[in-house]
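Chemist: Pasting protein-v4.cif here (mmCIF, C-alpha atoms and all ligand atoms):
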```cif
data_query
loop_
_atom_site.label_atom_id
_atom_site.label_comp_id
_atom_site.auth_asym_id
_atom_site.auth_seq_id
_atom_site.Cartn_x
_atom_site.Cartn_y
_atom_site.Cartn_z
CA MET W 1 10.01 -23.94 12.48
CA THR W 2 6.69 -25.21 13.83
CA THR W 3 4.19 -22.54 14.72
CA PRO W 4 1.87 -22.90 17.72
CA VAL W 5 -1.77 -23.93 17.48
CA VAL W 6 -4.01 -22.12 19.94
CA ARG W 7 -7.28 -23.97 20.30
CA SER W 8 -9.23 -21.87 22.79
CA ALA W 9 -9.49 -18.35 24.22
CA PRO W 10 -7.88 -19.16 27.61
CA GLU W 11 -4.82 -20.56 25.81
CA ALA W 12 -4.14 -17.18 24.11
CA LYS W 13 -1.77 -15.40 26.46
CA GLY W 14 0.73 -12.54 26.77
CA GLU W 15 2.24 -11.08 23.65
CA TYR W 16 0.36 -13.52 21.42
CA ARG W 17 -2.98 -12.42 22.85
CA ASP W 18 -2.05 -8.74 22.47
CA MET W 19 -1.19 -9.19 18.79
CA LEU W 20 -4.28 -11.34 18.22
CA LEU W 21 -6.45 -8.58 19.67
CA ARG W 22 -4.79 -5.97 17.47
CA LEU W 23 -5.47 -7.98 14.31
CA MET W 24 -9.01 -8.86 15.34
CA THR W 25 -9.72 -5.22 16.18
CA ARG W 26 -8.50 -4.17 12.75
CA GLN W 27 -10.86 -6.67 11.13
CA PHE W 28 -13.70 -5.65 13.45
CA TYR W 29 -13.25 -1.99 12.52
CA ALA W 30 -13.29 -2.89 8.83
CA GLU W 31 -16.37 -5.15 9.09
CA THR W 32 -18.42 -2.69 11.13
CA ALA W 33 -17.39 0.32 9.02
CA THR W 34 -18.18 -1.62 5.84
CA ALA W 35 -21.62 -2.60 7.16
CA GLU W 36 -22.29 1.11 7.56
CA VAL W 37 -20.98 1.94 4.08
CA PHE W 38 -23.25 -0.61 2.42
CA GLY W 39 -26.20 0.30 4.63
CA ARG W 40 -25.89 3.96 3.73
CA SER W 41 -25.36 3.18 0.04
CA ILE W 42 -28.91 1.85 -0.27
CA GLY W 43 -29.85 5.53 -0.50
CA CYS W 44 -27.52 6.49 -3.36
CA ALA W 45 -27.54 3.25 -5.39
CA PRO W 46 -28.91 4.10 -8.86
CA THR W 47 -31.12 1.05 -9.49
CA LEU W 48 -33.42 -1.18 -7.46
CA ARG W 49 -31.14 -4.13 -8.16
CA GLU W 50 -28.19 -2.23 -6.67
CA LYS W 51 -30.24 -1.07 -3.68
CA LEU W 52 -31.29 -4.61 -2.81
CA MET W 53 -27.76 -5.84 -3.24
CA ALA W 54 -26.40 -3.10 -0.96
CA ALA W 55 -28.98 -4.09 1.67
CA SER W 56 -27.95 -7.72 1.54
CA PHE W 57 -24.23 -6.85 1.66
CA ALA W 58 -24.90 -4.67 4.72
CA GLU W 59 -26.58 -7.63 6.40
CA GLU W 60 -23.64 -9.89 5.58
CA GLU W 61 -21.12 -7.38 6.95
CA ALA W 62 -23.22 -7.13 10.12
CA GLU W 63 -23.07 -10.91 10.40
CA HIS W 64 -19.27 -10.83 10.00
CA SER W 65 -19.13 -8.16 12.70
CA GLN W 66 -21.20 -10.35 15.01
CA ARG W 67 -18.76 -13.22 14.57
CA LEU W 68 -15.98 -10.93 15.79
CA CYS W 69 -18.16 -9.78 18.72
CA ASN W 70 -18.52 -13.41 19.79
CA LEU W 71 -14.78 -13.98 19.54
CA PHE W 72 -14.08 -10.87 21.64
CA MET W 73 -16.57 -12.01 24.29
CA ASP W 74 -14.86 -15.42 24.44
CA LEU W 75 -11.66 -13.50 25.17
CA GLY W 76 -13.41 -11.62 27.97
CA LEU W 77 -13.75 -8.30 26.14
CA ASP W 78 -16.72 -6.01 25.54
CA PRO W 79 -17.24 -5.48 21.79
CA GLU W 80 -19.24 -2.28 22.42
CA GLN W 81 -16.22 -0.77 24.10
CA ILE W 82 -13.89 -1.76 21.27
CA HIS W 83 -16.33 -0.46 18.69
CA SER W 84 -16.76 2.88 20.44
CA ALA W 85 -13.09 3.73 19.70
CA ARG W 86 -13.52 3.33 15.92
CA PRO W 87 -13.43 6.44 13.74
CA SER W 88 -16.55 7.09 11.63
CA ALA W 89 -16.87 4.95 8.51
CA ALA W 90 -16.41 7.97 6.21
CA LYS W 91 -13.28 9.07 8.06
CA PHE W 92 -11.92 5.55 8.41
CA TRP W 93 -11.92 5.01 4.63
CA SER W 94 -11.77 8.67 3.44
CA LEU W 95 -15.05 8.16 1.65
CA ASP W 96 -18.10 10.16 0.60
CA LEU W 97 -20.86 7.77 1.68
CA ASP W 98 -23.52 9.48 -0.42
CA ASN W 99 -21.67 9.30 -3.72
CA TRP W 100 -22.35 6.18 -5.78
CA VAL W 101 -19.02 6.34 -7.63
CA HIS W 102 -17.23 6.34 -4.27
CA ILE W 103 -19.24 3.28 -3.25
CA ALA W 104 -18.46 1.50 -6.52
CA VAL W 105 -14.73 2.18 -6.15
CA PHE W 106 -14.93 1.14 -2.49
CA ASN W 107 -16.48 -2.18 -3.47
CA PHE W 108 -13.75 -2.90 -5.99
CA THR W 109 -10.88 -1.62 -3.86
CA VAL W 110 -11.37 -1.44 -0.11
CA ASP W 111 -13.65 -4.38 0.53
CA ARG W 112 -11.32 -6.72 -1.34
CA ALA W 113 -8.29 -5.55 0.61
CA GLY W 114 -10.08 -6.79 3.72
CA SER W 115 -10.73 -10.16 2.06
CA HIS W 116 -7.02 -10.68 1.48
CA GLN W 117 -6.37 -10.17 5.19
CA ILE W 118 -9.20 -12.57 6.04
CA MET W 119 -7.59 -15.20 3.78
CA GLU W 120 -4.67 -15.03 6.22
CA TYR W 121 -6.89 -15.23 9.29
CA ARG W 122 -8.67 -18.29 7.87
CA ASP W 123 -5.37 -20.16 8.31
CA SER W 124 -4.45 -18.46 11.59
CA SER W 125 -2.89 -20.36 14.49
CA TYR W 126 -5.74 -19.01 16.66
CA ARG W 127 -8.20 -21.71 15.66
CA PRO W 128 -11.43 -20.23 17.08
CA TRP W 129 -10.95 -17.27 14.72
CA ALA W 130 -9.74 -19.27 11.74
CA GLU W 131 -12.79 -21.54 11.93
CA GLN W 132 -15.15 -18.56 11.65
CA MET W 133 -13.61 -17.16 8.47
CA THR W 134 -14.55 -19.66 5.73
CA PRO W 135 -18.21 -18.54 5.43
CA VAL W 136 -17.10 -14.91 5.70
CA LEU W 137 -14.84 -15.33 2.69
CA GLU W 138 -17.67 -16.94 0.72
CA ASP W 139 -19.74 -13.77 1.22
CA GLU W 140 -16.75 -11.64 0.29
CA GLU W 141 -16.43 -13.42 -3.05
CA GLY W 142 -19.93 -12.15 -3.84
CA HIS W 143 -19.01 -8.60 -2.83
CA TYR W 144 -15.96 -8.62 -5.07
CA GLY W 145 -17.95 -10.12 -7.95
CA ASN W 146 -20.20 -7.09 -7.69
CA GLY W 147 -17.18 -4.75 -7.42
CA VAL W 148 -15.77 -6.15 -10.66
CA GLN W 149 -19.17 -5.87 -12.33
CA ASN W 150 -19.40 -2.21 -11.24
CA LEU W 151 -16.00 -1.55 -12.77
CA ARG W 152 -17.05 -3.11 -16.09
CA GLU W 153 -20.26 -1.07 -16.15
CA PHE W 154 -18.41 2.18 -15.47
CA ALA W 155 -15.92 1.31 -18.22
CA GLN W 156 -18.68 1.49 -20.81
CA ASP W 157 -19.14 5.23 -20.37
CA LYS W 158 -16.04 7.41 -20.83
CA LYS W 159 -17.18 10.23 -18.55
CA LYS W 160 -18.22 7.89 -15.74
CA PHE W 161 -15.06 5.85 -16.15
CA ASP W 162 -12.87 8.98 -15.83
CA GLU W 163 -14.61 9.73 -12.56
CA PHE W 164 -14.10 6.14 -11.38
CA GLN W 165 -10.41 6.39 -12.29
CA SER W 166 -9.92 9.66 -10.47
CA ILE W 167 -11.57 8.42 -7.26
CA TYR W 168 -9.58 5.19 -7.51
CA PHE W 169 -6.35 7.22 -7.71
CA GLY W 170 -7.22 8.70 -4.33
CA MET W 171 -8.66 5.60 -2.68
CA LEU W 172 -6.03 2.96 -3.44
CA PRO W 173 -3.14 4.64 -1.55
CA VAL W 174 -5.41 5.13 1.49
CA THR W 175 -6.43 1.47 1.30
CA VAL W 176 -2.86 0.27 1.04
CA LYS W 177 -1.95 2.26 4.12
CA ARG W 178 -5.04 1.53 6.24
CA ALA W 179 -5.78 -2.08 5.30
CA PHE W 180 -2.25 -3.44 5.01
CA GLY W 181 -0.09 -1.25 7.24
CA ARG W 182 3.70 -1.26 7.20
CA PRO W 183 5.27 -3.90 4.95
CA VAL W 184 8.24 -4.62 7.22
CA GLY W 185 8.91 -4.59 10.92
CA GLU W 186 8.87 -6.64 14.08
CA ASP W 187 5.09 -6.94 14.22
CA ASN W 188 5.04 -8.49 10.80
CA ASP W 189 7.74 -10.97 11.69
CA TYR W 190 5.95 -11.85 14.92
CA CYS W 191 2.65 -12.55 13.11
CA VAL W 192 4.33 -14.90 10.66
CA LYS W 193 6.48 -16.57 13.33
CA THR W 194 3.46 -17.36 15.52
CA GLY W 195 1.22 -18.28 12.58
CA LEU W 196 -1.26 -15.51 13.32
CA LYS W 197 -0.75 -14.83 9.61
CA ARG W 198 0.83 -17.12 7.04
CA HIS W 199 2.31 -14.55 4.68
CA THR W 200 4.17 -11.28 5.06
CA THR W 201 2.35 -8.01 4.43
CA GLU W 202 4.43 -7.61 1.28
CA GLN W 203 3.17 -10.95 -0.04
CA VAL W 204 -0.45 -10.27 0.88
CA LEU W 205 -0.40 -6.79 -0.66
CA ASN W 206 1.21 -8.06 -3.86
CA ARG W 207 -1.35 -10.85 -4.14
CA TYR W 208 -4.14 -8.26 -3.78
CA LEU W 209 -2.68 -5.90 -6.39
CA THR W 210 -1.93 -8.69 -8.85
CA GLU W 211 -5.49 -10.02 -8.60
CA MET W 212 -6.82 -6.50 -9.10
CA LEU W 213 -4.56 -5.94 -12.09
CA GLY W 214 -6.21 -8.89 -13.87
CA TYR W 215 -9.49 -6.93 -13.87
CA MET W 216 -7.93 -3.52 -14.52
CA ARG W 217 -6.02 -4.32 -17.70
CA PRO W 218 -9.01 -5.35 -19.85
CA VAL W 219 -10.85 -2.08 -19.10
CA GLY W 220 -7.80 0.21 -19.01
CA LEU W 221 -7.94 1.22 -15.34
CA LYS W 222 -4.50 2.44 -14.19
CA PHE W 223 -2.72 2.33 -10.83
CA PRO W 224 -1.99 5.67 -9.15
CA LYS W 225 1.50 7.14 -9.49
CA LEU W 226 4.04 6.17 -6.84
CA ALA W 227 4.01 9.77 -5.63
CA ALA W 228 0.37 9.36 -4.58
CA PHE W 229 1.37 6.50 -2.24
CA GLU W 230 4.24 8.53 -0.86
CA LYS W 231 1.93 11.45 -0.22
CA GLU W 232 -0.38 9.19 1.75
CA GLY W 233 2.55 7.78 3.71
CA ALA W 234 2.03 4.25 2.38
CA GLU W 235 5.36 2.42 2.40
CA LEU W 236 6.01 0.13 -0.56
CA MET W 237 8.57 -2.62 -1.09
CA ALA W 238 10.46 -2.84 -4.41
CA SER W 239 8.34 -5.82 -5.54
CA THR W 240 5.16 -3.82 -4.91
CA ARG W 241 6.47 -0.78 -6.78
CA GLU W 242 7.16 -3.01 -9.72
CA ILE W 243 3.53 -4.18 -9.88
CA ILE W 244 2.26 -0.61 -9.63
CA LEU W 245 4.69 0.67 -12.26
CA SER W 246 3.62 -2.10 -14.65
CA ASN W 247 0.24 -0.42 -15.18
CA GLN W 248 0.51 3.37 -15.24
FE FE W 301 -16.97 -8.57 5.63
FE FE W 302 -17.36 -7.32 2.07
#
```
Can you turn what I pasted into structure tokens?

Modeler:
Amino acid sequence: MTTPVVRSAPEAKGEYRDMLLRLMTRQFYAETATAEVFGRSIGCAPTLREKLMAASFAEEEAEHSQRLCNLFMDLGLDPEQIHSARPSAAKFWSLDLDNWVHIAVFNFTVDRAGSHQIMEYRDSSYRPWAEQMTPVLEDEEGHYGNGVQNLREFAQDKKKFDEFQSIYFGMLPVTVKRAFGRPVGEDNDYCVKTGLKRHTTEQVLNRYLTEMLGYMRPVGLKFPKLAAFEKEGAELMASTREIILSNQ
């Protein structure tokens, strides 16, 4: 089946526009909340190098947020109004913003989950949005590079690594639920059918976890137990459970 191509804001109508706005709002919440996380982390970063990096990541996330603001304005919406409905960054991600280990786990876990969604939006049938996402993903590669480096540094110290592992156990289920949402359902089907996204949530989530696993295995970081996902209310497909169970 051929999916539509929507080349401008006035062409986005009805149900398609509603779903587009839901997805863009989710990204906008993530970009703006992440800008705040990195901005705040300048204070708790342990070294000058990390502080400067946090400052530059905050600036990049602000730039990503601005791109979304422009897209909302093209669609006739006020970004301030959309932003005002967002929960606080700490609440949104269940994060302690003044704890460096939380920030390090966030960088490895949460920020990358967003990137996997943006990979979908880069190929979206809503072209004005898709066209904005290539430079965003280039920045995100840098953020993940730093996340992986953080993980490797923590892995060199048993006590610090145990702390990283324990925070990761809590943060991954929250991320799976917040960043990916339900793996099946009409909304999912609609997004794929209209080309707003190119893969199902199950496929995107599995791609994210499999990529992560490649960095976890060498340092011995484990996935949380399935019960932790259940407790968080994160629904998992059989294929996803299999990936998680492969590294306990
Ligand atoms: Fe971003
Ligand atoms: Fe990022």

Chemist: List as CSV every residue of stretch 76-102 of chain W that is in contact with stretch 173-181 of chain W, defined as an atom at most 12 Å from one of its atoms (using only C-alpha atoms), together with the nearest atom pair and the distance in Å rounded to one decimal, sorted by chain and then rising number.

Modeler:
```
residue,atom,partner,partner_atom,distance
W:Lys91,CA,W:Val174,CA,11.0
W:Phe92,CA,W:Arg178,CA,8.3
W:Trp93,CA,W:Val174,CA,7.2
W:Ser94,CA,W:Val174,CA,7.5
W:Leu95,CA,W:Val174,CA,10.1
```

Chemist: Give me, as a list in words, the set of residues whose atoms come within 8 Å of any atom of ligand FE 301 (chain W), counting all atoms listed in the file.

Modeler: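 With all atoms listed in the file and a cut-off of 8 Å, ligand FE 301 (chain W) is contacted by Ala30, Glu31, Thr34, Ala35, Glu60, Glu61, Ala62, His64, Ser65, Asp111, Gly114, Ser115, Val136, Leu137, Asp139 and Glu140 of chain W.
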
Chemist: Using only C-alpha atoms and all ligand atoms for the distances, tell me which of W:Ala12, W:Val6, W:Leu71, W:Ala113 is nearest to ligand FE 302 (chain W).

Modeler: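 Answer, going by the shortest atom-to-atom distance: W:Ala113.
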
Chemist: Ranking W:Glu235, W:Glu120, W:Glu36, W:Glu141 by minimum distance to ligand FE 302 (chain W) and counting only C-alpha atoms and all ligand atoms, which one comes first?

Modeler: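 Of W:Glu235, W:Glu120, W:Glu36, W:Glu141, the one nearest ligand FE 302 (chain W), counting only C-alpha atoms and all ligand atoms, is W:Glu141.
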
Chemist: Which residues, written as a VMD selection string, have at least one atom at most 8 Å from W:Trp100, with only C-alpha atoms counted and residues fewer than 2 positions away on the same chain left out?

Modeler: chain W and resid 41 44 to 46 97 to 98 102 to 104

Chemist: Per residue of stretch 160-229 of chain W within 7 Å of stretch 123-130 of chain W, which atom pair is closest and at what distance in Å (one decimal), using only C-alpha atoms, listed by chain and increasing number, as a tab-separated table?

Modeler:
```
residue	atom	partner	partner_atom	distance
W:Gly195	CA	W:Ser125	CA	5.0
W:Leu196	CA	W:Ser124	CA	4.7
W:Lys197	CA	W:Ser124	CA	5.5
```

Chemist: Taking all atoms listed in the file into account, which of W:Cys69, W:Ala9, W:Glu15, W:Asn206 comes nearest W:Phe28?

Modeler: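 For W:Phe28, the nearest of the candidates is W:Cys69.
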
Chemist: Please list as a list of chain:residue names every residue within 8 Å of stretch 226-229 of chain W, counting only C-alpha atoms and excluding residues in the same chain fewer than 3 positions away.

Modeler: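 Here the qualifying residues turn out to be W:Phe169, W:Gly170, W:Pro173, W:Val174, W:Glu232, W:Gly233, W:Ala234, W:Glu235, W:Arg241, W:Ile244, W:Leu245.
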
Chemist: Just the selected residues (C-alpha atoms), exported as a CSV table (one decimal), in the frame of the given file, please.

Modeler:
```csv
chain,number,residue,atom,x,y,z
W,169,PHE,CA,-6.4,7.2,-7.7
W,170,GLY,CA,-7.2,8.7,-4.3
W,173,PRO,CA,-3.1,4.6,-1.6
W,174,VAL,CA,-5.4,5.1,1.5
W,232,GLU,CA,-0.4,9.2,1.8
W,233,GLY,CA,2.6,7.8,3.7
W,234,ALA,CA,2.0,4.2,2.4
W,235,GLU,CA,5.4,2.4,2.4
W,241,ARG,CA,6.5,-0.8,-6.8
W,244,ILE,CA,2.3,-0.6,-9.6
W,245,LEU,CA,4.7,0.7,-12.3
```

Chemist: Of the candidates W:Arg22, W:His83, W:Arg49, W:His143, which shows the shortest atom-to-atom distance to ligand FE 302 (chain W), using all atoms listed in the file?

Modeler: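 Nearest to ligand FE 302 (chain W): W:His143.
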
Chemist: Pick from W:Leu221, W:Leu205, W:Ile118, W:Cys191: nearest to W:Thr3, with all atoms listed in the file counted?

Modeler: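 Under the stated criterion, the closest residue is W:Cys191.
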
Chemist: Please indicate the distance in Å from atom CA of W:Gln117 to atom CA of W:Gln165, rounded to one decimal place.

Modeler: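 These atoms are spaced 24.4 Å apart.
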
Chemist: Starting from the incomplete input, reconstruct N, CA and C atoms of stretch 157-176 of chain W and write that as an mmCIF file, in the coordinates of the input.

Modeler:
```cif
data_model
loop_
_atom_site.group_PDB
_atom_site.id
_atom_site.type_symbol
_atom_site.label_atom_id
_atom_site.label_comp_id
_atom_site.auth_asym_id
_atom_site.auth_seq_id
_atom_site.Cartn_x
_atom_site.Cartn_y
_atom_site.Cartn_z
ATOM 1 N N ASP W 157 -18.804 3.829 -20.177
ATOM 2 C CA ASP W 157 -19.140 5.230 -20.370
ATOM 3 C C ASP W 157 -17.904 6.061 -20.020
ATOM 4 N N LYS W 158 -17.329 6.717 -21.009
ATOM 5 C CA LYS W 158 -16.040 7.410 -20.830
ATOM 6 C C LYS W 158 -16.056 8.398 -19.654
ATOM 7 N N LYS W 159 -17.127 9.199 -19.589
ATOM 8 C CA LYS W 159 -17.180 10.230 -18.550
ATOM 9 C C LYS W 159 -17.237 9.586 -17.150
ATOM 10 N N LYS W 160 -18.078 8.576 -17.036
ATOM 11 C CA LYS W 160 -18.220 7.890 -15.740
ATOM 12 C C LYS W 160 -16.920 7.169 -15.378
ATOM 13 N N PHE W 161 -16.290 6.605 -16.395
ATOM 14 C CA PHE W 161 -15.060 5.850 -16.150
ATOM 15 C C PHE W 161 -13.936 6.780 -15.668
ATOM 16 N N ASP W 162 -13.872 7.992 -16.260
ATOM 17 C CA ASP W 162 -12.870 8.980 -15.830
ATOM 18 C C ASP W 162 -13.047 9.320 -14.355
ATOM 19 N N GLU W 163 -14.314 9.414 -13.961
ATOM 20 C CA GLU W 163 -14.610 9.730 -12.560
ATOM 21 C C GLU W 163 -14.187 8.561 -11.667
ATOM 22 N N PHE W 164 -14.493 7.353 -12.119
ATOM 23 C CA PHE W 164 -14.100 6.140 -11.380
ATOM 24 C C PHE W 164 -12.574 6.135 -11.202
ATOM 25 N N GLN W 165 -11.884 6.403 -12.318
ATOM 26 C CA GLN W 165 -10.410 6.390 -12.290
ATOM 27 C C GLN W 165 -9.885 7.426 -11.301
ATOM 28 N N SER W 166 -10.462 8.608 -11.329
ATOM 29 C CA SER W 166 -9.920 9.660 -10.470
ATOM 30 C C SER W 166 -10.167 9.344 -8.988
ATOM 31 N N ILE W 167 -11.311 8.787 -8.659
ATOM 32 C CA ILE W 167 -11.570 8.420 -7.260
ATOM 33 C C ILE W 167 -10.676 7.245 -6.847
ATOM 34 N N TYR W 168 -10.468 6.339 -7.775
ATOM 35 C CA TYR W 168 -9.580 5.190 -7.510
ATOM 36 C C TYR W 168 -8.148 5.664 -7.211
ATOM 37 N N PHE W 169 -7.695 6.664 -7.953
ATOM 38 C CA PHE W 169 -6.350 7.220 -7.710
ATOM 39 C C PHE W 169 -6.213 7.683 -6.251
ATOM 40 N N GLY W 170 -7.274 8.233 -5.716
ATOM 41 C CA GLY W 170 -7.220 8.700 -4.330
ATOM 42 C C GLY W 170 -7.405 7.563 -3.324
ATOM 43 N N MET W 171 -8.264 6.610 -3.672
ATOM 44 C CA MET W 171 -8.660 5.600 -2.680
ATOM 45 C C MET W 171 -7.654 4.468 -2.511
ATOM 46 N N LEU W 172 -6.949 4.108 -3.575
ATOM 47 C CA LEU W 172 -6.030 2.960 -3.440
ATOM 48 C C LEU W 172 -4.886 3.238 -2.445
ATOM 49 N N PRO W 173 -4.212 4.392 -2.531
ATOM 50 C CA PRO W 173 -3.140 4.640 -1.550
ATOM 51 C C PRO W 173 -3.642 4.609 -0.097
ATOM 52 N N VAL W 174 -4.832 5.153 0.138
ATOM 53 C CA VAL W 174 -5.410 5.130 1.490
ATOM 54 C C VAL W 174 -5.639 3.678 1.921
ATOM 55 N N THR W 175 -6.149 2.886 1.001
ATOM 56 C CA THR W 175 -6.430 1.470 1.300
ATOM 57 C C THR W 175 -5.143 0.728 1.622
ATOM 58 N N VAL W 176 -4.130 0.970 0.823
ATOM 59 C CA VAL W 176 -2.860 0.270 1.040
ATOM 60 C C VAL W 176 -2.329 0.614 2.432
#
```
